[in-house]
Structure formats: structure tokens, C-alpha cells
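*Asks:* For reference, this is structure_36.cif, and it has mmCIF, C-alpha atoms.
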```
data_input
loop_
_atom_site.label_atom_id
_atom_site.label_comp_id
_atom_site.auth_asym_id
_atom_site.auth_seq_id
_atom_site.Cartn_x
_atom_site.Cartn_y
_atom_site.Cartn_z
CA MET A 16 0.00 0.00 0.00
CA PRO A 17 1.47 3.39 -0.93
CA THR A 18 2.35 5.77 1.87
CA ILE A 19 1.52 9.48 1.96
CA THR A 20 5.04 10.14 0.74
CA ASP A 21 4.75 7.60 -2.09
CA ILE A 22 1.63 9.26 -3.39
CA GLU A 23 3.09 12.72 -3.09
CA ASN A 24 6.24 11.61 -4.92
CA ALA A 25 4.09 10.25 -7.74
CA LEU A 26 2.35 13.60 -8.03
CA LEU A 27 5.64 15.50 -7.95
CA ASN A 28 7.14 13.26 -10.63
CA ALA A 29 4.10 13.66 -12.86
CA LEU A 30 4.34 17.44 -12.60
CA LYS A 31 8.10 17.44 -13.20
CA ALA A 32 7.62 15.27 -16.27
CA THR A 33 5.53 17.96 -17.92
CA GLY A 34 8.58 20.23 -18.13
CA ALA A 35 6.26 23.17 -17.66
CA PHE A 36 7.40 24.15 -14.18
CA THR A 37 10.68 25.64 -13.07
CA VAL A 38 10.06 24.55 -9.49
CA VAL A 39 8.17 21.44 -8.34
CA GLU A 40 8.32 20.88 -4.60
CA SER A 41 6.52 19.36 -1.66
CA ILE A 42 5.24 21.93 0.80
CA GLY A 43 4.98 19.32 3.54
CA ARG A 44 8.55 18.07 3.27
CA SER A 45 10.73 20.79 1.74
CA ASP A 46 12.13 24.09 2.87
CA VAL A 47 11.09 27.22 1.09
CA PRO A 48 13.26 27.45 -2.05
CA ASP A 49 16.09 29.99 -1.78
CA ALA A 50 15.04 31.66 -4.98
CA LEU A 51 11.38 31.33 -5.81
CA ALA A 52 11.25 30.92 -9.56
CA HIS A 53 8.12 30.74 -11.64
CA PRO A 54 6.16 28.95 -12.84
CA ALA A 55 6.08 26.71 -9.78
CA ALA A 56 4.00 23.80 -8.55
CA PHE A 57 3.73 22.83 -4.90
CA VAL A 58 2.10 19.69 -3.58
CA TYR A 59 0.83 18.81 -0.13
CA PHE A 60 -1.22 16.10 1.51
CA VAL A 61 -4.63 17.27 2.70
CA SER A 62 -6.45 14.34 4.26
CA ASP A 63 -7.46 10.74 4.10
CA THR A 64 -10.72 9.22 5.20
CA ASP A 65 -11.77 5.63 5.66
CA THR A 66 -14.85 5.55 3.45
CA ARG A 67 -16.02 2.23 4.84
CA ALA A 68 -15.65 2.98 8.52
CA GLY A 69 -18.77 1.74 10.20
CA ASP A 70 -20.37 -1.47 11.29
CA GLU A 71 -17.89 -4.14 10.35
CA ASP A 72 -20.60 -6.75 9.96
CA GLU A 73 -22.55 -4.70 7.47
CA GLU A 74 -19.89 -3.05 5.36
CA PRO A 75 -17.84 -4.80 2.69
CA PRO A 76 -14.70 -5.84 4.51
CA LEU A 77 -12.04 -4.22 2.34
CA PRO A 78 -11.18 -0.76 3.72
CA VAL A 79 -10.92 2.05 1.18
CA ASP A 80 -9.31 5.39 2.00
CA GLU A 81 -10.21 8.52 0.12
CA VAL A 82 -7.01 10.55 -0.15
CA LEU A 83 -6.84 14.23 -1.01
CA TYR A 84 -3.88 16.29 -2.15
CA ASP A 85 -3.62 19.87 -3.23
CA VAL A 86 -1.42 21.14 -6.02
CA ILE A 87 -0.64 24.85 -5.97
CA VAL A 88 0.18 26.23 -9.37
CA GLN A 89 1.91 29.56 -9.13
CA SER A 90 2.98 31.77 -11.98
CA LYS A 91 4.09 35.30 -12.64
CA ASN A 92 2.51 36.57 -15.79
CA LEU A 93 4.25 38.19 -18.68
CA ILE A 94 7.75 38.28 -17.24
CA SER A 95 9.06 36.99 -20.54
CA ALA A 96 7.91 35.92 -23.96
CA GLU A 97 8.27 32.26 -22.91
CA ALA A 98 6.15 32.77 -19.83
CA ALA A 99 3.52 34.58 -21.80
CA ALA A 100 3.28 31.64 -24.17
CA GLN A 101 2.59 29.31 -21.29
CA ASP A 102 0.16 31.45 -19.33
CA SER A 103 -1.53 30.67 -16.05
CA TYR A 104 -4.52 28.96 -17.57
CA GLY A 105 -2.35 26.78 -19.76
CA LEU A 106 -0.38 25.73 -16.70
CA LEU A 107 -3.57 24.74 -14.92
CA ASP A 108 -4.57 22.52 -17.80
CA THR A 109 -1.08 21.05 -18.00
CA ALA A 110 -1.08 20.21 -14.29
CA ARG A 111 -4.54 18.70 -14.37
CA ASP A 112 -3.86 16.62 -17.47
CA ALA A 113 -0.66 15.25 -15.96
CA ILE A 114 -2.62 13.74 -13.06
CA HIS A 115 -6.32 13.43 -13.83
CA GLY A 116 -7.45 9.95 -14.89
CA LYS A 117 -4.10 8.33 -14.05
CA THR A 118 -2.93 6.04 -11.27
CA LEU A 119 0.64 7.35 -11.73
CA GLY A 120 1.99 3.84 -11.25
CA LEU A 121 0.66 3.50 -7.71
CA THR A 122 -0.62 0.10 -6.69
CA ARG A 123 -4.01 -0.34 -5.02
CA ALA A 124 -4.87 3.16 -6.18
CA ARG A 125 -7.80 4.42 -8.15
CA SER A 126 -7.23 6.91 -10.93
CA PHE A 127 -6.82 10.45 -9.68
CA ARG A 128 -9.65 12.90 -10.16
CA CYS A 129 -9.17 16.62 -10.29
CA LEU A 130 -12.07 17.79 -8.13
CA SER A 131 -11.63 21.53 -8.43
CA ARG A 132 -9.38 24.39 -9.51
CA VAL A 133 -9.74 27.49 -7.38
CA LEU A 134 -7.97 30.83 -7.25
CA ALA A 135 -5.84 30.80 -4.12
CA GLY A 136 -4.23 34.24 -4.21
CA TYR A 137 -2.78 37.08 -6.20
CA GLU A 138 0.01 39.31 -4.99
CA ASN A 139 2.67 41.38 -6.76
CA GLY A 140 1.89 39.81 -10.11
CA VAL A 141 2.08 36.26 -8.79
CA ILE A 142 -1.14 34.35 -9.24
CA SER A 143 -1.81 31.07 -7.44
CA TYR A 144 -4.40 28.41 -8.08
CA ARG A 145 -5.19 25.36 -5.97
CA LEU A 146 -6.02 22.09 -7.71
CA ARG A 147 -7.63 19.50 -5.45
CA MET A 148 -6.77 15.95 -6.42
CA ARG A 149 -8.48 12.87 -5.11
CA THR A 150 -7.61 9.21 -5.28
CA GLU A 151 -8.69 6.14 -3.37
CA ILE A 152 -6.48 3.43 -1.93
CA TRP A 153 -7.64 0.06 -0.73
CA ARG A 154 -6.01 -1.61 2.21
CA ALA A 155 -5.86 -5.25 3.17
CA ILE A 156 -7.83 -6.14 6.25
CA ALA A 157 -5.78 -5.60 9.38
CA MET B 7 -33.22 -34.46 15.59
CA SER B 8 -34.34 -31.05 16.85
CA ASN B 9 -35.02 -28.24 14.40
CA TYR B 10 -32.10 -26.37 15.88
CA ASP B 11 -29.85 -29.32 15.10
CA THR B 12 -31.18 -29.36 11.56
CA ILE B 13 -30.72 -25.67 10.81
CA ASN B 14 -27.31 -25.79 12.42
CA ALA B 15 -26.32 -28.72 10.21
CA ILE B 16 -27.64 -26.92 7.14
CA THR B 17 -25.52 -23.90 8.01
CA VAL B 18 -22.42 -26.02 8.49
CA ASN B 19 -23.02 -27.80 5.19
CA LEU B 20 -23.69 -24.55 3.34
CA ARG B 21 -20.40 -23.10 4.59
CA THR B 22 -18.61 -26.28 3.58
CA VAL B 23 -20.05 -26.11 0.08
CA LEU B 24 -19.05 -22.46 -0.31
CA ALA B 25 -15.55 -23.10 1.03
CA GLY B 26 -15.26 -25.94 -1.47
CA LEU B 27 -15.78 -23.44 -4.25
CA GLY B 28 -12.67 -21.58 -3.13
CA LEU B 29 -14.39 -18.86 -1.19
CA GLN B 30 -13.01 -17.63 2.11
CA VAL B 31 -15.99 -18.07 4.40
CA GLU B 32 -15.84 -15.53 7.17
CA GLU B 33 -16.03 -17.95 10.07
CA GLY B 34 -12.54 -19.05 9.13
CA GLY B 35 -11.42 -15.46 8.62
CA PHE B 36 -10.00 -13.85 5.53
CA SER B 37 -6.36 -14.37 6.40
CA ALA B 38 -5.60 -16.58 3.38
CA ASP B 39 -6.15 -13.67 1.01
CA PRO B 40 -7.15 -10.52 2.87
CA THR B 41 -7.27 -8.53 -0.35
CA PHE B 42 -9.78 -10.89 -2.05
CA THR B 43 -7.82 -10.75 -5.28
CA THR B 44 -7.59 -14.50 -5.80
CA SER B 45 -9.94 -15.87 -3.15
CA PRO B 46 -13.15 -13.87 -2.77
CA GLY B 47 -14.48 -13.33 0.72
CA CYS B 48 -17.84 -14.72 1.75
CA ARG B 49 -20.26 -14.05 4.58
CA VAL B 50 -23.29 -16.18 5.29
CA ARG B 51 -26.24 -14.46 6.92
CA TYR B 52 -29.35 -16.02 8.37
CA PRO B 53 -31.96 -13.28 8.39
CA PHE B 54 -35.15 -15.26 9.05
CA GLU B 55 -37.06 -18.49 8.91
CA GLU B 56 -40.66 -19.31 8.17
CA PHE B 57 -42.41 -22.08 10.05
CA HIS B 58 -45.10 -23.87 8.15
CA ASP B 59 -46.91 -25.04 11.21
CA THR B 60 -49.90 -27.28 10.98
CA PHE B 61 -52.42 -28.18 13.64
CA ARG B 62 -51.39 -31.53 15.07
CA GLN B 63 -50.39 -32.77 11.67
CA ARG B 64 -46.93 -33.98 10.85
CA PRO B 65 -44.62 -33.77 9.15
CA SER B 66 -44.39 -30.05 8.90
CA ALA B 67 -41.73 -28.01 7.18
CA CYS B 68 -39.65 -24.92 7.78
CA GLU B 69 -38.09 -22.62 5.24
CA ALA B 70 -34.89 -20.85 6.16
CA ARG B 71 -33.59 -17.82 4.35
CA PHE B 72 -29.85 -17.52 3.90
CA GLU B 73 -28.06 -14.59 2.34
CA ILE B 74 -24.62 -15.18 0.93
CA GLU B 75 -22.42 -12.16 0.35
CA ILE B 76 -19.39 -12.61 -1.87
CA TYR B 77 -16.67 -9.99 -2.20
CA VAL B 78 -14.56 -9.99 -5.36
CA ASN B 79 -11.68 -7.57 -5.78
CA ASP B 80 -11.41 -6.70 -9.46
CA ALA B 81 -11.50 -3.11 -10.67
CA ASP B 82 -11.01 -4.04 -14.31
CA PRO B 83 -14.28 -3.54 -16.16
CA GLN B 84 -13.16 -6.09 -18.76
CA THR B 85 -13.03 -8.97 -16.29
CA ARG B 86 -15.20 -7.76 -13.44
CA LYS B 87 -18.52 -8.77 -14.95
CA GLN B 88 -17.23 -12.21 -15.89
CA LYS B 89 -16.19 -12.85 -12.31
CA GLN B 90 -19.54 -11.65 -11.01
CA GLN B 91 -21.34 -14.05 -13.32
CA GLN B 92 -18.90 -16.85 -12.55
CA TRP B 93 -19.60 -16.69 -8.82
CA VAL B 94 -23.35 -16.33 -9.17
CA HIS B 95 -23.54 -19.51 -11.19
CA ALA B 96 -20.96 -21.35 -9.15
CA VAL B 97 -23.12 -20.85 -6.06
CA ARG B 98 -26.29 -21.75 -7.90
CA ASP B 99 -24.79 -24.96 -9.23
CA ALA B 100 -23.19 -26.00 -5.96
CA VAL B 101 -25.89 -25.35 -3.37
CA THR B 102 -28.26 -28.23 -4.04
CA VAL B 103 -30.44 -30.52 -1.96
CA ASP B 104 -27.91 -33.31 -2.31
CA ALA B 105 -25.01 -31.07 -1.30
CA LEU B 106 -26.84 -29.97 1.85
CA ASN B 107 -28.00 -33.47 2.83
CA THR B 108 -24.50 -34.46 3.85
CA GLY B 109 -22.60 -34.60 7.11
CA GLY B 110 -25.08 -34.41 9.96
CA LEU B 111 -27.98 -34.70 7.52
CA ALA B 112 -26.61 -37.60 5.48
CA ALA B 113 -28.90 -40.15 7.11
CA SER B 114 -32.03 -38.10 7.73
CA LYS B 115 -31.93 -36.11 4.47
CA LEU B 116 -34.21 -33.49 5.95
CA VAL B 117 -33.48 -30.83 3.32
CA SER B 118 -36.21 -31.09 0.71
CA ALA B 119 -35.81 -28.04 -1.52
CA VAL B 120 -33.40 -25.23 -2.36
CA ARG B 121 -34.70 -22.17 -4.14
CA SER B 122 -32.50 -19.32 -5.34
CA GLU B 123 -33.87 -15.83 -5.58
CA GLU B 124 -32.51 -13.16 -7.87
CA PRO B 125 -28.93 -12.27 -7.03
CA GLU B 126 -28.10 -8.64 -6.45
CA ILE B 127 -24.76 -7.35 -7.64
CA SER B 128 -23.24 -4.02 -6.71
CA TYR B 129 -19.86 -2.48 -7.28
CA SER B 130 -17.97 -0.02 -5.17
CA TRP B 131 -14.36 0.35 -6.21
CA PRO B 132 -12.58 -2.04 -6.14
CA LEU B 133 -15.02 -4.60 -4.72
CA SER B 134 -17.95 -6.31 -6.34
CA THR B 135 -20.49 -7.46 -3.79
CA ILE B 136 -22.76 -10.31 -4.82
CA ARG B 137 -25.78 -10.87 -2.60
CA TYR B 138 -27.26 -14.26 -3.23
CA ARG B 139 -30.48 -15.19 -1.45
CA LEU B 140 -31.45 -18.78 -0.85
CA ASN B 141 -34.55 -20.36 0.61
CA ILE B 142 -33.88 -23.79 2.05
CA ARG B 143 -36.82 -25.95 2.99
CA TYR B 144 -36.40 -28.77 5.48
CA ARG B 145 -38.72 -31.21 7.16
CA GLU B 146 -39.16 -31.02 10.87
CA GLY B 147 -37.45 -33.89 12.56
#
```
I'd like the structure from this file rewritten - as C-alpha cells, please.

*Replies:*
Amino acid sequence: MPTITDIENALLNALKATGAFTVVESIGRSDVPDALAHPAAFVYFVSDTDTRAGDEDEEPPLPVDEVLYDVIVQSKNLISAEAAAQDSYGLLDTARDAIHGKTLGLTRARSFRCLSRVLAGYENGVISYRLRMRTEIWRAIA
Amino acid sequence: MSNYDTINAITVNLRTVLAGLGLQVEEGGFSADPTFTTSPGCRVRYPFEEFHDTFRQRPSACEARFEIEIYVNDADPQTRKQKQQQWVHAVRDAVTVDALNTGGLAASKLVSAVRSEEPEISYSWPLSTIRYRLNIRYREG
């Protein structure tokens, strides 16, 4: 069964593989980068929930955890011709397409779903969006 | 033979038949394959019985309802339905009057009829749950 770190690594690798981001980091495990370059993608674990927690005699016996991660896509618009070509909205689509509908090689995992993309902040020309990603993992009975 | 002895023997025989199909029947736990990928899990429920009582006339009969739940772990839509159908028909073929009139019922042969009702199949990733309802009629001892 994949750990929180395994899943996060899979997400980070998928985002790195796009080649669209200068920085791809875990917020939960990494220090703040010395020089914050853009565009950037940051990943962190949000929650997991046992979706079959309840009466053990009534529920199907295989536990399934719903697992949520957030991906923050951060970009600074129009700082160069290259950045303008890959604008914020394009980055959002790139990030979603790299993850949505894929298991990213994780075992016992359901394909990721991108549940939402929400504006998270805008300051000094830097715009941030939060992509909420969901997967499910089944566990063997303890 | 008391009716309790009979229904208990039917339950034991039913579990034996299901285990013989390769199912992990819950009473023995699911430790052999706790992920249900090769050996589906199985629970046997006993929700009710009907007593066909008569007034001072014998023999009378009882009809016991059993619900068998089978858990199959297969998220692949290409093979999932085949496995669901495989287990429905494996149970239907295996749970017969002759199969239940064994063990403690081998001599008395009190089971007189087995009737399957429509199976109900549901899927919640990654498990298929097959609910198979059986009515088993037996003569009072």
C-alpha cells in the first residue's frame, strides 16, 4: 500500500515530467526554495478518510481510504515571452492533465480525479491556483 | 433431531459447500487472502425463517432464508462482470439438496428443496459485492 510520501512523490514526478514548471516541490517536506522561480507547482497532503468505517458486519470488509492532495500552481505573468506563451490557464490545464485519470503507477490506487481548480491568491503579479486531487487506496484487512 | 440441530447442520453444510468453491468463508477469517484478489471473501447471513406449522399434523416443514455475500476484488471492467457471473452460477450450481444433505444430515436427508432468488450485484471500487439469497426448505425432525 502506498504511503503518503509515495503518493506525493508520484504527483511530484508527474508534474516534473511535464517540463512546464521551473520549481516542483513538496510543501509538507521541503524548505522554502532559496530563490522562488516561476512557474512553480507545490504539492501537499490534505487528508485521508476511511470511506467504509462503520459497522464491520454490514460493510464490505475491504477498507478504502479517500485521499486528497492539493497542487498549488503559481505563476508570474508576462515576465518573458516564454512565460507569456505558457500562461496561467495553460499551466492549470497542463497540471490537471498530468494527473487526472491516471494512477501514476501507484498500486491499489484508483485513478486520480481533479475535483476543483480554485484561485488561491494574487500578490505582486504572482497568481496562485489550488487544484484539489483525489484518489482512493484500498487496504488489506488488518 | 431437533429443528435447531437441523438448521445448524444446514448452516455447516452450506459453509462447507461455499468453502469448497474456493471462497473464504468468514467464520474461518479472511487471512488466506485478505485482499480478495484471488480468493473472494464470503459471509453467510441467516436473516429469518418461516415455520409452516400445521395443527397436530406432521410432518411439517420450515423454510430458512440464507443470504450469501461474496466480495470480489477486481476493478477491471473487462473482467469484473465475468467474475460476477462466474460466482453467481458457481453458487447456484453448488448449493443443491444433495449437497446440503450431507454430514449431519446424510442419514435423515431433511433438506427437501433449495430455491435461489434473484442475485443482487453491486460495485464499489474495487469490490464487487454479490448478494445471493437462498430459501432452504427442510422437514421437521

*Asks:* Would you list the contacts of stretch 85-96 of chain B as a ChimeraX atom specification, taking every protein, DNA or RNA residue within 8 Å and counting all atoms listed in the file, but skipping same-chain residues closer than 3 positions in sequence?

*Replies:* /B:27,78,80-82,99-100,125,127,134,136,138

*Asks:* Tell me, as a CSV table (one decimal) with C-alpha atoms, in the frame of the given file, which residues lie within 8 Å of stretch 127-133 of chain A, counting all atoms listed in the file; anything in the same chain fewer than 2 positions away does not count.

*Replies:*
```csv
chain,number,residue,atom,x,y,z
A,107,LEU,CA,-3.6,24.7,-14.9
A,111,ARG,CA,-4.5,18.7,-14.4
A,114,ILE,CA,-2.6,13.7,-13.1
A,115,HIS,CA,-6.3,13.4,-13.8
A,116,GLY,CA,-7.4,10.0,-14.9
A,117,LYS,CA,-4.1,8.3,-14.0
A,118,THR,CA,-2.9,6.0,-11.3
A,125,ARG,CA,-7.8,4.4,-8.2
A,135,ALA,CA,-5.8,30.8,-4.1
A,144,TYR,CA,-4.4,28.4,-8.1
A,145,ARG,CA,-5.2,25.4,-6.0
A,146,LEU,CA,-6.0,22.1,-7.7
A,147,ARG,CA,-7.6,19.5,-5.4
A,148,MET,CA,-6.8,16.0,-6.4
A,149,ARG,CA,-8.5,12.9,-5.1
A,150,THR,CA,-7.6,9.2,-5.3
A,151,GLU,CA,-8.7,6.1,-3.4
```

*Asks:* At a cut-off of 10 Å from (1.5, 5.5, -3.3) in the coordinates of the file, what residues are picked up using all atoms listed in the file, written as a ChimeraX atom specification?

*Replies:* /A:16-26,118-124,152

*Asks:* Can you check which parts of chain A lie within 7 Å of chain B? Per residue, the shortest pair of atoms and distance in Å to one decimal, counting all atoms listed in the file, sorted by chain and number, as CSV.

*Replies:*
```
residue,atom,partner,partner_atom,distance
A:Leu77,CA,B:Thr41,CA,7.0
A:Ala155,CA,B:Thr41,CA,5.0
A:Ile156,CA,B:Pro40,CA,5.6
```

*Asks:* For B:Arg145, work out the shell of residues within 9 Å, counting only C-alpha atoms and skipping chain neighbours fewer than 2 positions away, then give it as a list in words.

*Replies:*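 Result of the neighbour search: Asn9, Thr12, Pro65, Ser66, Ala67, Cys68, Glu69, Lys115, Leu116, Val117, Ser118, Arg143 and Gly147 of chain B.
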
*Asks:* Find the spatial neighbours of B:Arg51, counting all atoms listed in the file, within a cut-off of 8 Å - ignore same-chain residues fewer than 3 positions away - and output them as a list in words.

*Replies:*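 These residues fall inside the cut-off: Phe72, Glu73, Ile74 and Glu75 of chain B.
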
*Asks:* How would the residues just picked look written out with C-alpha atoms as a CSV table (one decimal), keeping the file's coordinate frame?

*Replies:*
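Result saved to again.csv:
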```
chain,number,residue,atom,x,y,z
B,72,PHE,CA,-29.8,-17.5,3.9
B,73,GLU,CA,-28.1,-14.6,2.3
B,74,ILE,CA,-24.6,-15.2,0.9
B,75,GLU,CA,-22.4,-12.2,0.4
```

*Asks:* May I have the residues at most 7 Å from (2.4, 26.2, -14.5) in the file's coordinates, counting all atoms listed in the file, as a ChimeraX atom specification?

*Replies:* /A:35-36,54-56,88-90,103,106-107,110

*Asks:* Just want the 9 Å neighbourhood of A:Val61, counted on all atoms listed in the file, with same-chain residues fewer than 6 positions away dropped. Output as a PDB file with C-alpha atoms, in the coordinates of the input.

*Replies:*
```pdb
ATOM      1  CA  VAL A  82      -7.010  10.550  -0.150  1.00  0.00           C
ATOM      2  CA  LEU A  83      -6.840  14.230  -1.010  1.00  0.00           C
ATOM      3  CA  TYR A  84      -3.880  16.290  -2.150  1.00  0.00           C
ATOM      4  CA  ASP A  85      -3.620  19.870  -3.230  1.00  0.00           C
ATOM      5  CA  ARG A 147      -7.630  19.500  -5.450  1.00  0.00           C
TER       6      ARG A 147
END
```

*Asks:* Suppose you want the space between atom CA of A:Ser62 and atom CA of A:Arg44; what is it in Å?

*Replies:*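 Rounded to one decimal, the two atoms are 15.5 Å apart.
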
*Asks:* One decimal, Å: what's the distance from atom CA of B:Leu140 over to atom CA of B:Asp104, could you say?

*Replies:*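 Computing the Euclidean distance for atom CA of B:Leu140 and atom CA of B:Asp104 yields 15.0 Å.
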
*Asks:* If I take atom CA of B:Arg137 and atom CA of A:Ser126, how far is one from the other in Å, to one decimal?

*Replies:*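 Separation between atom CA of B:Arg137 and atom CA of A:Ser126: 27.0 Å.
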
*Asks:* Using all atoms listed in the file, can you tell me which of B:Gln30, B:Phe57, B:Ala25, B:Gln84 comes closest to B:Thr44?

*Replies:*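 Of B:Gln30, B:Phe57, B:Ala25, B:Gln84, the one nearest B:Thr44, counting all atoms listed in the file, is B:Gln30.
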
*Asks:* With 6 Å on each side, where is the centre of the axis-aligned box around all listed atoms of stretch 85-89 of chain A, and how long are its edges in Å to one decimal, as lines of an AutoDock Vina configuration file?

*Replies:*
```
center_x = -0.9
center_y = 24.7
center_z = -6.3
size_x = 17.5
size_y = 21.7
size_z = 18.1
```

*Asks:* Starting from the PyMOL selection byres ((chain A and resi 42) around 6), expand the selection into actual residues of this file and give them as a list in words.

*Replies:* Ser41, Gly43, Arg44, Ser45, Phe57, Val58 and Tyr59 of chain A
